[in-house]
Amino acid sequence: MKHLVRSIVVFAFILIAVAGHAQSTATLSGNITDPSGAVVPGAEVTVHGIATGLDRVVTSDSAGNYTVPSLLPGNYSVSVQASGFSTYKLTSVSLGVDQTVTANVHLSVAAAGEVVNVQGAAPIIDAGTITVAQVIDQKTVQEMPLNGRHFLDLTNLTPGTVVPPVTGSLTSASRGLGANSYDTAGQREDSVNFMINGINLNDASQNQITFQPSINTTSEIKISNSTYSAEYGRSSGSIVNVATRSGTNAFHGEAFDYLRNNYFDARNYFNRKPNPQNSFIRNNFGGAFSGPIWKDKTFFFLSYEGLRQHQALLFNGNVLSPAQRAAFASSPAGSDYAQLINFIPAGNNATGTVFQGSEPGPVNIDQFSGDLYFNFSNKDNLHAYYAWQQDKRTEPNLQGNTIPGFGDHRGAHRQIGTLNEVHIFSPSVVNEARIGFNRIAISFVPATPANPLAYGIQNGVSYNAALPQITVQDIGLNFGGPSGFPQGRFDTTGVFSDTLSWNVGKHTIKTGGEYRRFISDSFAQTPGILTFSNTGKPGDPAIAPTFINGLATAFSVTPTQVTSRIFENAVGAFVSDNYKITQRFQAEVGFRFEWNGTPTEGGPKQKKRRANCAGADAGSEPPDSQSRVAALEPPGRIRLPSPAACAA
């Protein structure tokens with residue numbers, strides 16, 4: 001019975017606080033006093049958007065406090081009027097994304113027609129929240145030189161953030177795409193929660209950012225490191241909230257093109273003359289245009305950014321010596337197997353055992369985005385944003401290949417869409433609702449299709465997929481594959497959230513929550529791996545006899561495609577109270593509930609089967625997939641063993 005009552009209470013709380021998350025807007029608050037320091041109730045406070053011309057009007061309460069929530073980040077002017085006092089005007093207040101700014105007002109006794117103008121002298125502090133955070137403003141975002149124009153590089157400006165190692169899991173930069181996360185406040189990089197306009201931007205399969213929006217479309221970034229308020233949830237690590245740029249009452253446009261090439265770059269140590277220097281040409285170009293559709297009512301912002309990168313990646317690895325190449329041509333494994341020598345280049349160093357060369361690794365990226373802001377009335381406004389990115393990359397050596405001709409092609413479409421609606425029920429009750437999604441569709445395809453049967457390999461793959469990824473351990477040669485490819489996934493995260501702000505005397509109460517639904521469609525297949533262990537003696541022409549004779553020591557493969565469809569739901573709900581005990585002291589108390597559902601399989605369950613044979617390396621199999629393991633025996637044909645021949 002106790003558990004039933006508890007469940008009913010939790011469920012009722014979720015219904016009351018249905019769907020909400022961290023603010024993507026800003027809040028302005030303060031206290032109004034007269035020359036003697038006494039509070040001034042009933043003062044009219046007008047907050048005017050300098051760029052958009054939009055006004056919000058509130059009235060100070062009995063304690064002289066005022067609060068204006070759900071303001072679009074930007075610059076505002078504040079005017080205060082009260083009977084018997086001069087009009088007070090603060091000409092400029094900058095409000096950052098998800099920021100609570102305090103602007104206290106001291107009124108003076110009225111004189112005929114007197115207006116007191118304050119030019120940036122008001123004590124404006126972010127003292128309205130317990131969160132430890134930093135806002136990177138629009139000037140910094142737009143004007144800070146960034147090699148690659150990736151906004152995540154700006155996280156290094158935040159106290160507590162460290163420059164990650166180049167071998168970091170999610171922090172190492174992908175060519176052209178930038179890093180997928182960052183390290184701060186001692187937290188893991190896969191615990192960061194990324195948001196745009198309050199909508200989640202995490203690739204839930206990897207818990208990394210789905211993609212980095214163009215600097216063009218980024219207005220401000222707030223990075224929260226610790227002591228989060230109750231309205232934050234989902235992740236235990238840092239919170240990154242990006243606000244997008246909206247248009248203004250004036251038309252603005254820009255165009256750019258950043259060019260880098262290898263003419264002034266130092267030559268790679270291993271790429272000595274007379275070899276040509278590796279090619280590197282990078283064009284990063286684009287533009288933006290913004291302005292009003294209907295003055296003081298509707299604004300737009302359009303942006304495009306493209307990248308064309310032509311790069312040759314260096315290879316410097318051991319290959320078969322001339323004597324070994326001659327021995328391989330007459331391999332006892334058969335003439336089909338001997339054709340593998342065509343994939344292995346001859347050595348070009350003094351000893352003929354090392355190949356030094358390069359392979360093209362182009363990167364093409366196109367990103368489009370649009371932002372619309374509608375001010376329907378003095379009680380309703382709507383903010384819409386959508387970004388779409390297409391990227392194509394070739395990675396010739398990312399999967400461990402030591403010679404050119406392999407690697408993979410990876411193409412992706414990435415999207416983010418947000419829709420925010422602010423409704424003002426009264427000067428003291430404001431609601432912000434959000435709905436949105438982020439999506440990634442990506443595939444990884446081997447760069448060199450090949451039918452293993454044509455090379456004497458009977459591994460259950462009888463079409464042009466790829467060779468197994470072959471490793472000759474004693475000389476460090478790795479080619480074929482890549483293992484684990486082809487594969488791909490189509491992941492979508494949908495979000496609905498809501499936050500209600502209610503000012504009651506000295507209390508600022510917020511309640512809300514968030515609902516997320518994650519859908520993942522994926523497929524995986526692999527031509528497997530083929531390993532030849534260390535044997536032979538240094539200096540022996542047959543230093544790799546197992547490879548030359550076709551005697552593999554380990555082999556695994558997934559000959560059929562494995563597909564999956566996964567659903568996962570999550571709900572978060574919160575309530576918090578910011579209580580101004582005095583003008584100098586306030587307390588914040590809050591409660592948050594988080595529920596993460598169990599992933600559910602949406603299609604026929606895949607049967608998992610594994611057969612282990614003597615001499616096979618079962619640990620090399622991909623997890624959670626159909627796998628078969630077999631030994632390579634003379635005359636060089638891979639034979640899949642029967643179930644009776646192997647242990648279950």
# chains A, B, ... in the order shown; residues from 1 in each chain; ligands from 1

call {"tool": "closest_atom_pairs", "arguments": {"of": "region 288-319 of chain A", "to": "region 49-59 of chain A", "cutoff": "9 Å", "atoms": "only C-alpha atoms", "output": "CSV"}}
result
residue,atom,partner,partner_atom,distance
A:Pro292,CA,A:Thr52,CA,8.7
A:Lys295,CA,A:Thr52,CA,8.1
A:Asp296,CA,A:Gly53,CA,5.4
A:Lys297,CA,A:Leu54,CA,7.9
A:Thr298,CA,A:Thr52,CA,8.9
A:Phe299,CA,A:Thr52,CA,8.2

call {"tool": "write_last_selection", "arguments": {"atoms": "C-alpha atoms", "output": "JSON list (two decimals), in the first residue's frame"}}
result
[["chain", "number", "residue", "atom", "x", "y", "z"],
["A", 292, "PRO", "CA", 12.70, 42.16, -39.88],
["A", 295, "LYS", "CA", 8.97, 45.58, -37.82],
["A", 296, "ASP", "CA", 8.68, 45.11, -34.07],
["A", 297, "LYS", "CA", 6.84, 41.85, -34.70],
["A", 298, "THR", "CA", 8.63, 39.20, -36.76],
["A", 299, "PHE", "CA", 12.36, 38.69, -37.39]]

call {"tool": "residues_around", "arguments": {"residues": "Thr167 (chain A)", "least_positions_apart": "6", "cutoff": "12 Å", "atoms": "only C-alpha atoms", "output": "VMD selection string"}}
result
chain A and resid 173 to 174 179

call {"tool": "residues_around", "arguments": {"residues": "region 204-215 of chain A", "least_positions_apart": "6", "cutoff": "10 Å", "atoms": "only C-alpha atoms", "output": "PyMOL selection string"}}
result
chain A and resi 138+141-143+146+149-152+170-171+177-182+189-196+235+242+244-245+286+303-306+367-369+387-389+413-416+438-440+489+491-493+518-520

call {"tool": "write_last_selection", "arguments": {"atoms": "C-alpha atoms", "output": "short mmCIF file (atom, residue, chain, number, x, y, z; two decimals), in the first residue's frame"}}
result
data_model
loop_
_atom_site.label_atom_id
_atom_site.label_comp_id
_atom_site.auth_asym_id
_atom_site.auth_seq_id
_atom_site.Cartn_x
_atom_site.Cartn_y
_atom_site.Cartn_z
CA GLN A 138 27.99 37.20 -28.46
CA VAL A 141 31.56 34.05 -29.82
CA GLN A 142 31.54 36.06 -33.04
CA GLU A 143 34.96 37.73 -32.86
CA LEU A 146 38.93 29.95 -33.84
CA ARG A 149 35.21 27.77 -36.27
CA HIS A 150 34.01 25.24 -33.67
CA PHE A 151 32.23 26.79 -30.71
CA LEU A 152 33.32 23.99 -28.33
CA LEU A 170 35.27 12.27 -27.24
CA THR A 171 37.60 15.25 -26.90
CA LEU A 177 33.85 18.34 -37.46
CA GLY A 178 35.70 19.41 -34.33
CA ALA A 179 35.56 17.69 -30.95
CA ASN A 180 32.51 15.84 -29.68
CA SER A 181 32.80 16.98 -26.05
CA TYR A 182 35.18 18.58 -23.52
CA GLU A 189 33.40 14.10 -21.26
CA ASP A 190 30.50 11.69 -21.82
CA SER A 191 28.52 13.25 -18.94
CA VAL A 192 28.04 16.67 -20.61
CA ASN A 193 24.48 17.78 -21.40
CA PHE A 194 24.32 19.84 -24.62
CA MET A 195 21.27 21.99 -25.38
CA ILE A 196 20.18 24.52 -28.00
CA SER A 235 23.33 14.37 -16.88
CA VAL A 242 23.41 27.56 -26.63
CA THR A 244 20.76 31.05 -31.32
CA ARG A 245 20.84 34.43 -33.05
CA GLY A 286 29.65 30.97 -45.77
CA SER A 303 22.90 31.20 -42.18
CA TYR A 304 25.04 28.89 -44.32
CA GLU A 305 28.51 27.50 -43.74
CA GLY A 306 30.51 25.14 -45.91
CA GLN A 367 25.26 23.39 -42.89
CA PHE A 368 22.08 25.48 -43.27
CA SER A 369 20.11 27.09 -40.47
CA ALA A 387 19.60 23.51 -38.59
CA TRP A 388 20.52 20.82 -41.11
CA GLN A 389 24.01 19.52 -41.82
CA HIS A 413 22.79 13.98 -42.14
CA ARG A 414 22.33 15.80 -38.82
CA GLN A 415 19.41 17.98 -37.70
CA ILE A 416 18.18 20.03 -34.76
CA ASN A 438 17.73 16.23 -32.78
CA ARG A 439 18.59 13.56 -35.32
CA ILE A 440 21.60 11.84 -36.84
CA ARG A 489 22.37 4.15 -37.49
CA ASP A 491 18.85 8.02 -34.18
CA THR A 492 16.18 10.54 -33.19
CA THR A 493 15.61 12.23 -29.82
CA PHE A 518 14.83 8.23 -28.07
CA ILE A 519 14.49 6.00 -31.14
CA SER A 520 17.50 4.19 -32.60
#

call {"tool": "residues_around", "arguments": {"residues": "Gly400 (chain A)", "least_positions_apart": "6", "cutoff": "12 Å", "atoms": "only C-alpha atoms", "output": "list in words"}}
result
Phe315, Gly317, Phe406, Gly407, Asp408, Gln469, Ile470, Thr471, Gly476, Leu477, Asn478, Phe479, Gly480, Gly481, Pro482 and Ser483 of chain A

call {"tool": "closest_residue", "arguments": {"among": "A:Ser497, A:Ser219, A:Thr394, A:Ser556", "to": "Gly436 (chain A)", "atoms": "only C-alpha atoms"}}
result
A:Ser497

call {"tool": "atom_distance", "arguments": {"atom1": "CA of Ser60 (chain A)", "atom2": "CA of Lys89 (chain A)"}}
result
15.5 Å

call {"tool": "closest_residue", "arguments": {"among": "A:Thr508, A:Gln339, A:Asn420, A:Ser279", "to": "Val589 (chain A)", "atoms": "only C-alpha atoms"}}
result
A:Thr508
